[in-house]
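Q: PDB, C-alpha atoms, file final.pdb:
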```
ATOM      1  CA  ALA A  13      16.756   1.514  -7.814
ATOM      2  CA  GLN A  14      13.087   2.304  -7.388
ATOM      3  CA  LYS A  15      12.137   4.664  -4.612
ATOM      4  CA  VAL A  16       9.310   6.907  -3.487
ATOM      5  CA  THR A  17      10.020   9.974  -1.375
ATOM      6  CA  GLN A  18       7.427  11.911   0.565
ATOM      7  CA  ALA A  19       9.516  14.635   2.145
ATOM      8  CA  GLN A  20       6.690  16.062   4.244
ATOM      9  CA  THR A  21       6.309  13.943   7.365
ATOM     10  CA  GLU A  22       3.484  15.951   8.915
ATOM     11  CA  ILE A  23       1.317  18.833   7.750
ATOM     12  CA  SER A  24      -1.173  20.763   9.863
ATOM     13  CA  VAL A  25      -3.774  23.047   8.333
ATOM     14  CA  VAL A  26      -6.975  24.733   9.346
ATOM     15  CA  GLU A  27     -10.232  23.782   7.685
ATOM     16  CA  LYS A  28     -10.830  25.331   4.258
ATOM     17  CA  GLU A  29      -7.143  25.769   3.576
ATOM     18  CA  ASP A  30      -5.683  24.188   0.443
ATOM     19  CA  VAL A  31      -2.864  21.722   0.974
ATOM     20  CA  THR A  32      -0.457  19.963  -1.382
ATOM     21  CA  LEU A  33       1.233  16.670  -0.578
ATOM     22  CA  ASP A  34       4.458  16.089  -2.448
ATOM     23  CA  CYS A  35       5.641  12.829  -3.969
ATOM     24  CA  VAL A  36       8.879  12.243  -5.865
ATOM     25  CA  TYR A  37       9.692   8.864  -7.376
ATOM     26  CA  GLU A  38      12.676   7.108  -8.918
ATOM     27  CA  THR A  39      12.469   4.323 -11.458
ATOM     28  CA  ARG A  40      14.402   2.966 -14.417
ATOM     29  CA  ASP A  41      11.342   1.382 -15.943
ATOM     30  CA  THR A  42       9.641   3.208 -18.819
ATOM     31  CA  THR A  43       6.259   1.729 -17.939
ATOM     32  CA  TYR A  44       5.155   2.283 -14.404
ATOM     33  CA  TYR A  45       2.131   3.208 -12.346
ATOM     34  CA  LEU A  46       1.692   5.717  -9.578
ATOM     35  CA  PHE A  47      -0.890   5.549  -6.822
ATOM     36  CA  TRP A  48      -2.149   7.512  -3.871
ATOM     37  CA  TYR A  49      -3.706   5.772  -0.873
ATOM     38  CA  LYS A  50      -5.373   7.280   2.181
ATOM     39  CA  GLN A  51      -5.101   5.690   5.626
ATOM     40  CA  PRO A  52      -7.629   7.233   8.028
ATOM     41  CA  PRO A  53      -7.275   6.818  11.815
ATOM     42  CA  SER A  54      -9.294   3.596  11.591
ATOM     43  CA  GLY A  55      -6.290   2.057   9.811
ATOM     44  CA  GLU A  56      -7.577   0.703   6.515
ATOM     45  CA  LEU A  57      -6.006   1.676   3.207
ATOM     46  CA  VAL A  58      -8.277   3.493   0.787
ATOM     47  CA  PHE A  59      -7.308   3.712  -2.877
ATOM     48  CA  LEU A  60      -7.567   7.249  -4.291
ATOM     49  CA  ILE A  61      -6.022   7.320  -7.740
ATOM     50  CA  ARG A  62      -3.695   5.555 -10.167
ATOM     51  CA  ARG A  63      -1.756   6.989 -13.090
ATOM     52  CA  ASN A  64       0.305   5.216 -15.725
ATOM     53  CA  SER A  65       3.564   6.619 -17.018
ATOM     54  CA  PHE A  66       2.118   7.443 -20.419
ATOM     55  CA  ASP A  67      -0.678   9.623 -19.139
ATOM     56  CA  GLU A  68       0.493  12.976 -17.827
ATOM     57  CA  GLN A  69      -2.913  14.555 -17.773
ATOM     58  CA  ASN A  70      -3.780  16.125 -14.471
ATOM     59  CA  GLU A  71      -6.888  14.831 -12.810
ATOM     60  CA  ILE A  72      -9.505  16.419 -10.623
ATOM     61  CA  SER A  73     -12.031  14.571  -8.525
ATOM     62  CA  GLY A  74     -14.144  16.859  -6.392
ATOM     63  CA  ARG A  75     -11.810  18.595  -3.933
ATOM     64  CA  TYR A  76      -8.905  16.343  -4.909
ATOM     65  CA  SER A  77      -6.500  16.979  -7.755
ATOM     66  CA  TRP A  78      -3.297  15.350  -8.887
ATOM     67  CA  ASN A  79      -0.388  16.816 -10.824
ATOM     68  CA  PHE A  80       1.857  14.315 -12.609
ATOM     69  CA  GLN A  81       5.098  15.663 -14.109
ATOM     70  CA  LYS A  82       7.514  13.163 -15.615
ATOM     71  CA  SER A  83      10.123  15.891 -16.133
ATOM     72  CA  THR A  84      10.514  16.262 -12.378
ATOM     73  CA  SER A  85       9.432  12.692 -11.458
ATOM     74  CA  SER A  86       6.705  14.062  -9.257
ATOM     75  CA  PHE A  87       3.106  13.100  -8.581
ATOM     76  CA  ASN A  88       1.703  15.695  -6.200
ATOM     77  CA  PHE A  89      -1.707  15.618  -4.555
ATOM     78  CA  THR A  90      -3.706  18.730  -3.696
ATOM     79  CA  ILE A  91      -6.747  18.917  -1.450
ATOM     80  CA  THR A  92      -8.777  22.080  -1.962
ATOM     81  CA  ALA A  93     -10.790  23.522   0.905
ATOM     82  CA  SER A  94      -9.627  20.859   3.349
ATOM     83  CA  GLN A  95     -12.022  19.328   5.847
ATOM     84  CA  VAL A  96     -11.526  17.610   9.182
ATOM     85  CA  VAL A  97     -12.440  14.303   7.542
ATOM     86  CA  ASP A  98      -9.355  14.656   5.359
ATOM     87  CA  SER A  99      -7.173  14.043   8.415
ATOM     88  CA  ALA A 100      -5.249  10.864   7.619
ATOM     89  CA  VAL A 101      -1.930   9.474   6.513
ATOM     90  CA  TYR A 102      -1.498   9.689   2.758
ATOM     91  CA  PHE A 103       0.798   7.321   0.903
ATOM     92  CA  CYS A 104       2.223   7.683  -2.560
ATOM     93  CA  ALA A 105       3.243   4.406  -4.206
ATOM     94  CA  LEU A 106       4.971   3.166  -7.351
ATOM     95  CA  SER A 107       4.530  -0.062  -9.292
ATOM     96  CA  GLU A 108       6.832  -1.030 -12.152
ATOM     97  CA  ALA A 109       5.553  -3.066 -15.068
ATOM     98  CA  GLY A 110       8.875  -4.829 -15.389
ATOM     99  CA  GLN A 111       9.045  -5.927 -11.772
ATOM    100  CA  ALA A 112       7.950  -9.479 -11.017
ATOM    101  CA  GLY A 113       4.687  -9.414  -9.113
ATOM    102  CA  THR A 114       4.302  -5.649  -9.675
ATOM    103  CA  ALA A 115       4.251  -5.014  -5.943
ATOM    104  CA  LEU A 116       3.800  -1.502  -4.629
ATOM    105  CA  ILE A 117       6.755   0.537  -3.406
ATOM    106  CA  PHE A 118       5.474   2.956  -0.813
ATOM    107  CA  GLY A 119       6.720   6.282   0.429
ATOM    108  CA  LYS A 120       6.832   6.780   4.181
ATOM    109  CA  GLY A 121       3.592   8.724   4.132
ATOM    110  CA  THR A 122       2.502  12.229   5.041
ATOM    111  CA  THR A 123       0.300  12.728   8.083
ATOM    112  CA  LEU A 124      -2.258  15.439   7.416
ATOM    113  CA  SER A 125      -4.050  17.018  10.353
ATOM    114  CA  VAL A 126      -6.959  19.329   9.596
ATOM    115  CA  SER A 127      -8.331  21.310  12.531
ATOM    116  CA  SER A 128     -11.645  23.104  12.714
TER     117      SER A 128
ATOM    118  CA  ASN B  16     -18.568  -9.429  -2.049
ATOM    119  CA  ALA B  17     -16.209  -9.472   0.954
ATOM    120  CA  GLY B  18     -13.008  -8.479  -0.893
ATOM    121  CA  VAL B  19      -9.835  -9.235   1.074
ATOM    122  CA  THR B  20     -10.413 -10.642   4.555
ATOM    123  CA  GLN B  21      -7.702 -10.855   7.189
ATOM    124  CA  THR B  22      -7.906 -12.680  10.494
ATOM    125  CA  PRO B  23      -7.278 -12.077  13.303
ATOM    126  CA  LYS B  24      -7.563  -8.294  13.580
ATOM    127  CA  PHE B  25      -5.447  -8.133  16.746
ATOM    128  CA  ARG B  26      -3.070 -10.559  18.414
ATOM    129  CA  ILE B  27      -0.505 -10.527  21.193
ATOM    130  CA  LEU B  28       2.219 -13.150  21.081
ATOM    131  CA  LYS B  29       5.030 -14.077  23.397
ATOM    132  CA  ILE B  30       8.587 -14.194  22.087
ATOM    133  CA  GLY B  31       9.258 -17.543  20.452
ATOM    134  CA  GLN B  32       5.621 -18.426  19.783
ATOM    135  CA  SER B  33       4.391 -19.131  16.305
ATOM    136  CA  MET B  34       1.213 -18.142  14.521
ATOM    137  CA  THR B  35      -0.413 -17.867  11.124
ATOM    138  CA  LEU B  36      -2.026 -14.731   9.801
ATOM    139  CA  GLN B  37      -4.881 -15.647   7.511
ATOM    140  CA  CYS B  38      -5.759 -13.875   4.281
ATOM    141  CA  THR B  39      -8.486 -14.822   1.843
ATOM    142  CA  GLN B  40      -9.974 -13.047  -1.159
ATOM    143  CA  ASP B  41     -13.108 -13.810  -3.113
ATOM    144  CA  MET B  42     -12.338 -11.802  -6.258
ATOM    145  CA  ASN B  43     -10.435 -14.563  -8.070
ATOM    146  CA  HIS B  44      -7.305 -12.408  -8.145
ATOM    147  CA  ASN B  45      -4.113 -14.164  -9.171
ATOM    148  CA  TYR B  46      -1.685 -11.809  -7.453
ATOM    149  CA  MET B  47      -1.532 -11.588  -3.677
ATOM    150  CA  TYR B  48       0.819  -9.749  -1.335
ATOM    151  CA  TRP B  49       1.821  -9.412   2.271
ATOM    152  CA  TYR B  50       3.109  -6.092   3.575
ATOM    153  CA  ARG B  51       4.103  -4.879   6.998
ATOM    154  CA  GLN B  52       3.729  -1.320   8.256
ATOM    155  CA  ASP B  53       5.910  -0.036  11.058
ATOM    156  CA  PRO B  54       5.201   3.298  12.816
ATOM    157  CA  GLY B  55       6.163   6.276  10.677
ATOM    158  CA  MET B  56       7.062   4.060   7.765
ATOM    159  CA  GLY B  57       5.368   3.098   4.588
ATOM    160  CA  LEU B  58       4.417  -0.452   3.835
ATOM    161  CA  LYS B  59       7.162  -2.914   2.980
ATOM    162  CA  LEU B  60       6.685  -6.078   0.960
ATOM    163  CA  ILE B  61       7.260  -9.354   2.800
ATOM    164  CA  TYR B  62       6.177 -11.974   0.243
ATOM    165  CA  TYR B  63       4.068 -12.108  -2.855
ATOM    166  CA  SER B  64       2.410 -14.744  -5.019
ATOM    167  CA  VAL B  65       1.496 -14.618  -8.689
ATOM    168  CA  GLY B  66      -0.741 -17.666  -8.514
ATOM    169  CA  ALA B  67      -1.493 -20.876  -6.693
ATOM    170  CA  GLY B  68       1.725 -22.748  -5.955
ATOM    171  CA  ILE B  69       3.990 -19.780  -6.768
ATOM    172  CA  THR B  70       5.476 -17.518  -4.113
ATOM    173  CA  ASP B  71       8.502 -15.262  -3.902
ATOM    174  CA  LYS B  72      10.315 -13.075  -1.397
ATOM    175  CA  GLY B  73       9.856  -9.368  -1.117
ATOM    176  CA  GLU B  74      11.997  -6.766   0.609
ATOM    177  CA  VAL B  75      11.718  -8.062   4.204
ATOM    178  CA  PRO B  76      11.077 -11.853   4.166
ATOM    179  CA  ASN B  77      13.267 -12.945   7.091
ATOM    180  CA  GLY B  78      11.321 -14.623   9.868
ATOM    181  CA  TYR B  79       8.268 -15.334   7.715
ATOM    182  CA  ASN B  80       6.968 -18.075   5.478
ATOM    183  CA  VAL B  81       4.044 -18.244   3.084
ATOM    184  CA  SER B  82       2.134 -20.775   1.063
ATOM    185  CA  ARG B  83      -0.418 -20.507  -1.723
ATOM    186  CA  SER B  84      -2.298 -23.744  -2.190
ATOM    187  CA  THR B  85      -5.416 -22.084  -3.596
ATOM    188  CA  THR B  86      -6.187 -18.898  -5.490
ATOM    189  CA  GLU B  87      -8.234 -17.606  -2.568
ATOM    190  CA  ASP B  88      -5.881 -18.099   0.385
ATOM    191  CA  PHE B  89      -2.436 -16.698   1.161
ATOM    192  CA  PRO B  90      -1.485 -17.321   4.804
ATOM    193  CA  LEU B  91       1.595 -15.765   6.403
ATOM    194  CA  ARG B  92       3.400 -17.751   9.080
ATOM    195  CA  LEU B  93       5.675 -16.527  11.844
ATOM    196  CA  GLU B  94       7.678 -19.445  13.196
ATOM    197  CA  LEU B  95       9.593 -17.883  16.101
ATOM    198  CA  ALA B  96       8.064 -14.550  16.969
ATOM    199  CA  ALA B  97      10.506 -11.754  17.799
ATOM    200  CA  PRO B  98       9.842  -8.223  19.104
ATOM    201  CA  SER B  99      11.041  -6.827  15.755
ATOM    202  CA  GLN B 100       7.991  -8.416  14.143
ATOM    203  CA  THR B 101       5.621  -6.195  16.084
ATOM    204  CA  SER B 102       3.824  -4.425  13.277
ATOM    205  CA  VAL B 103       0.606  -4.045  11.336
ATOM    206  CA  TYR B 104       0.316  -6.603   8.566
ATOM    207  CA  PHE B 105      -1.659  -5.997   5.412
ATOM    208  CA  CYS B 106      -2.676  -8.517   2.810
ATOM    209  CA  ALA B 107      -3.570  -7.337  -0.697
ATOM    210  CA  SER B 108      -4.627  -8.763  -4.032
ATOM    211  CA  ARG B 109      -5.022  -7.582  -7.585
ATOM    212  CA  PRO B 110      -6.213  -8.958 -10.893
ATOM    213  CA  VAL B 111      -3.835  -9.521 -13.798
ATOM    214  CA  GLY B 112      -4.123  -9.661 -17.542
ATOM    215  CA  ALA B 113      -3.936  -7.242 -20.430
ATOM    216  CA  LEU B 114      -7.045  -5.404 -19.337
ATOM    217  CA  ASN B 115      -5.906  -5.181 -15.731
ATOM    218  CA  SER B 116      -2.343  -4.000 -16.112
ATOM    219  CA  ASN B 117      -2.780  -0.973 -13.931
ATOM    220  CA  GLN B 118      -5.472  -2.115 -11.567
ATOM    221  CA  PRO B 119      -4.928  -1.081  -7.957
ATOM    222  CA  GLN B 120      -4.318  -3.532  -5.196
ATOM    223  CA  HIS B 121      -7.228  -4.275  -2.888
ATOM    224  CA  PHE B 122      -6.169  -4.289   0.754
ATOM    225  CA  GLY B 123      -7.531  -6.089   3.766
ATOM    226  CA  ASP B 124      -8.121  -4.166   6.984
ATOM    227  CA  GLY B 125      -4.869  -5.323   8.552
ATOM    228  CA  THR B 126      -3.744  -7.443  11.499
ATOM    229  CA  ARG B 127      -2.182  -5.646  14.453
ATOM    230  CA  LEU B 128       0.427  -7.924  15.983
ATOM    231  CA  SER B 129       2.337  -7.257  19.185
ATOM    232  CA  ILE B 130       5.142  -9.505  20.373
ATOM    233  CA  LEU B 131       6.131  -9.176  23.997
TER     234      LEU B 131
END
```
Please render this file's structure as structure tokens.

A:
Amino acid sequence: AQKVTQAQTEISVVEKEDVTLDCVYETRDTTYYLFWYKQPPSGELVFLIRRNSFDEQNEISGRYSWNFQKSTSSFNFTITASQVVDSAVYFCALSEAGQAGTALIFGKGTTLSVSS
Amino acid sequence: NAGVTQTPKFRILKIGQSMTLQCTQDMNHNYMYWYRQDPGMGLKLIYYSVGAGITDKGEVPNGYNVSRSTTEDFPLRLELAAPSQTSVYFCASRPVGALNSNQPQHFGDGTRLSIL
């Protein structure tokens, strides 16, 4: 069965530290998509990145980078030089191409607190 | 372009009351979704729709009903509110088609519902 596990419930760091948020997924589908969303204290969900199962290239966007490894079924998210504004709940999610409606399956989220 | 609009933003209900959470999108997206988010948990799928007139159950449909009479609107109805339905509800939509196979879902800002 499909599943997304974010083992880190809460992480606290001091500004300028690097931090990695882990995400492990389970799926039987060969075509699937992985996402990261950010939920700041204001509550809305902000899309960060998507990856399809055929593209294992790592991606960097400013201070954000993502490491996708099919061999370990992981899609980890690293924030370099963290800032207070990075404080939020971060969700990893999975969507399977073969699933009707292609709804998102979410992990439970990791709460990141960045202090100054 | 408003995106996905949810109303109301906040609501308090008494046990046994009924209400409809409204969701409308102006992006002409075929797929629409309702999720609920409980504290410390990721989002869980309640219902989804792949087009006007077509709806289906998600992971946690009990106590809810939906309809999809138009492409734009996807209301969620609670018939007999129960304390277990206290949650934050998110509506989302996404485009479909060969060119949109991995497009992310667009989320509304959520409806915070308390049942006392």

Q: Using all atoms listed in the file, which residue out of A:Asn64, A:Val16, A:Glu56, A:Gln95 lies closest to Leu116 (chain A)?

A: A:Val16

Q: Write out as a tab-separated table the residues of chain B that have any atom within 12 Å of an atom of chain A, one row each with the nearest atom pair and its distance in Å to one decimal, counting only C-alpha atoms, sorted by chain and then rising number.

A:
```
residue	atom	partner	partner_atom	distance
B:Val19	CA	A:Glu56	CA	11.6
B:Thr20	CA	A:Glu56	CA	11.9
B:Gln21	CA	A:Glu56	CA	11.6
B:Lys24	CA	A:Gly55	CA	11.1
B:Asn45	CA	A:Gly113	CA	10.0
B:Tyr46	CA	A:Gly113	CA	7.0
B:Met47	CA	A:Gly113	CA	8.5
B:Tyr48	CA	A:Ala115	CA	7.4
B:Trp49	CA	A:Ala115	CA	9.6
B:Tyr50	CA	A:Leu116	CA	9.4
B:Arg51	CA	A:Phe118	CA	11.1
B:Gln52	CA	A:Lys120	CA	9.6
B:Asp53	CA	A:Lys120	CA	9.7
B:Pro54	CA	A:Lys120	CA	9.5
B:Gly55	CA	A:Lys120	CA	6.5
B:Met56	CA	A:Lys120	CA	4.5
B:Gly57	CA	A:Lys120	CA	4.0
B:Leu58	CA	A:Phe118	CA	5.9
B:Lys59	CA	A:Phe118	CA	7.2
B:Leu60	CA	A:Ala115	CA	7.4
B:Ile61	CA	A:Ala115	CA	10.2
B:Tyr62	CA	A:Ala115	CA	9.5
B:Tyr63	CA	A:Gly113	CA	6.8
B:Ser64	CA	A:Gly113	CA	7.1
B:Val65	CA	A:Gly113	CA	6.1
B:Gly66	CA	A:Gly113	CA	9.9
B:Ile69	CA	A:Gly113	CA	10.7
B:Thr70	CA	A:Gly113	CA	9.6
B:Asp71	CA	A:Gly113	CA	8.7
B:Lys72	CA	A:Gly113	CA	10.2
B:Gly73	CA	A:Ala115	CA	8.6
B:Glu74	CA	A:Ile117	CA	9.8
B:Val103	CA	A:Gly55	CA	9.3
B:Tyr104	CA	A:Glu56	CA	10.9
B:Phe105	CA	A:Glu56	CA	9.0
B:Cys106	CA	A:Leu57	CA	10.7
B:Ala107	CA	A:Ala115	CA	9.7
B:Ser108	CA	A:Ala115	CA	9.8
B:Arg109	CA	A:Thr114	CA	9.7
B:Pro110	CA	A:Gly113	CA	11.1
B:Val111	CA	A:Gly113	CA	9.7
B:Gly112	CA	A:Ala109	CA	12.0
B:Ala113	CA	A:Ala109	CA	11.7
B:Asn115	CA	A:Ala109	CA	11.7
B:Ser116	CA	A:Ala109	CA	8.0
B:Asn117	CA	A:Tyr45	CA	6.6
B:Gln118	CA	A:Arg62	CA	8.0
B:Pro119	CA	A:Arg62	CA	7.1
B:Gln120	CA	A:Phe59	CA	8.2
B:His121	CA	A:Phe59	CA	8.0
B:Phe122	CA	A:Leu57	CA	6.5
B:Gly123	CA	A:Glu56	CA	7.3
B:Asp124	CA	A:Glu56	CA	4.9
B:Gly125	CA	A:Glu56	CA	6.9
B:Thr126	CA	A:Gly55	CA	10.0
B:Arg127	CA	A:Gly55	CA	9.9
```

Q: At a cut-off of 7 Å from (2.0, 12.8, -19.2) in the coordinates of the file, what residues are picked up using all atoms listed in the file, written as a PDB file with C-alpha atoms, in the coordinates of the input?

A:
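Okay, result.pdb is ready:
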```pdb
ATOM      1  CA  SER A  65       3.564   6.619 -17.018  1.00  0.00           C
ATOM      2  CA  PHE A  66       2.118   7.443 -20.419  1.00  0.00           C
ATOM      3  CA  ASP A  67      -0.678   9.623 -19.139  1.00  0.00           C
ATOM      4  CA  GLU A  68       0.493  12.976 -17.827  1.00  0.00           C
ATOM      5  CA  GLN A  69      -2.913  14.555 -17.773  1.00  0.00           C
ATOM      6  CA  PHE A  80       1.857  14.315 -12.609  1.00  0.00           C
ATOM      7  CA  GLN A  81       5.098  15.663 -14.109  1.00  0.00           C
ATOM      8  CA  LYS A  82       7.514  13.163 -15.615  1.00  0.00           C
TER       9      LYS A  82
END
```

Q: Could you tell me, as an mmCIF file with C-alpha atoms, keeping the file's coordinate frame, exactly which residues end up selected when the PyMOL selection byres ((chain B and resi 96) around 12) is applied to this structure?

A:
```cif
data_model
loop_
_atom_site.group_PDB
_atom_site.id
_atom_site.type_symbol
_atom_site.label_atom_id
_atom_site.label_comp_id
_atom_site.auth_asym_id
_atom_site.auth_seq_id
_atom_site.Cartn_x
_atom_site.Cartn_y
_atom_site.Cartn_z
ATOM 1 C CA ARG B 26 -3.070 -10.559 18.414
ATOM 2 C CA ILE B 27 -0.505 -10.527 21.193
ATOM 3 C CA LEU B 28 2.219 -13.150 21.081
ATOM 4 C CA LYS B 29 5.030 -14.077 23.397
ATOM 5 C CA ILE B 30 8.587 -14.194 22.087
ATOM 6 C CA GLY B 31 9.258 -17.543 20.452
ATOM 7 C CA GLN B 32 5.621 -18.426 19.783
ATOM 8 C CA SER B 33 4.391 -19.131 16.305
ATOM 9 C CA MET B 34 1.213 -18.142 14.521
ATOM 10 C CA THR B 35 -0.413 -17.867 11.124
ATOM 11 C CA ASN B 77 13.267 -12.945 7.091
ATOM 12 C CA GLY B 78 11.321 -14.623 9.868
ATOM 13 C CA TYR B 79 8.268 -15.334 7.715
ATOM 14 C CA ARG B 92 3.400 -17.751 9.080
ATOM 15 C CA LEU B 93 5.675 -16.527 11.844
ATOM 16 C CA GLU B 94 7.678 -19.445 13.196
ATOM 17 C CA LEU B 95 9.593 -17.883 16.101
ATOM 18 C CA ALA B 97 10.506 -11.754 17.799
ATOM 19 C CA PRO B 98 9.842 -8.223 19.104
ATOM 20 C CA SER B 99 11.041 -6.827 15.755
ATOM 21 C CA GLN B 100 7.991 -8.416 14.143
ATOM 22 C CA THR B 101 5.621 -6.195 16.084
ATOM 23 C CA SER B 102 3.824 -4.425 13.277
ATOM 24 C CA LEU B 128 0.427 -7.924 15.983
ATOM 25 C CA SER B 129 2.337 -7.257 19.185
ATOM 26 C CA ILE B 130 5.142 -9.505 20.373
ATOM 27 C CA LEU B 131 6.131 -9.176 23.997
#
```

Q: May I ask which of the residues A:Glu29, A:Asp34, A:Asp41, A:Glu71 is the closest one to Ile91 (chain A), counting all atoms listed in the file?

A: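 Of the candidates, the smallest distance to Ile91 (chain A) is held by A:Glu29.
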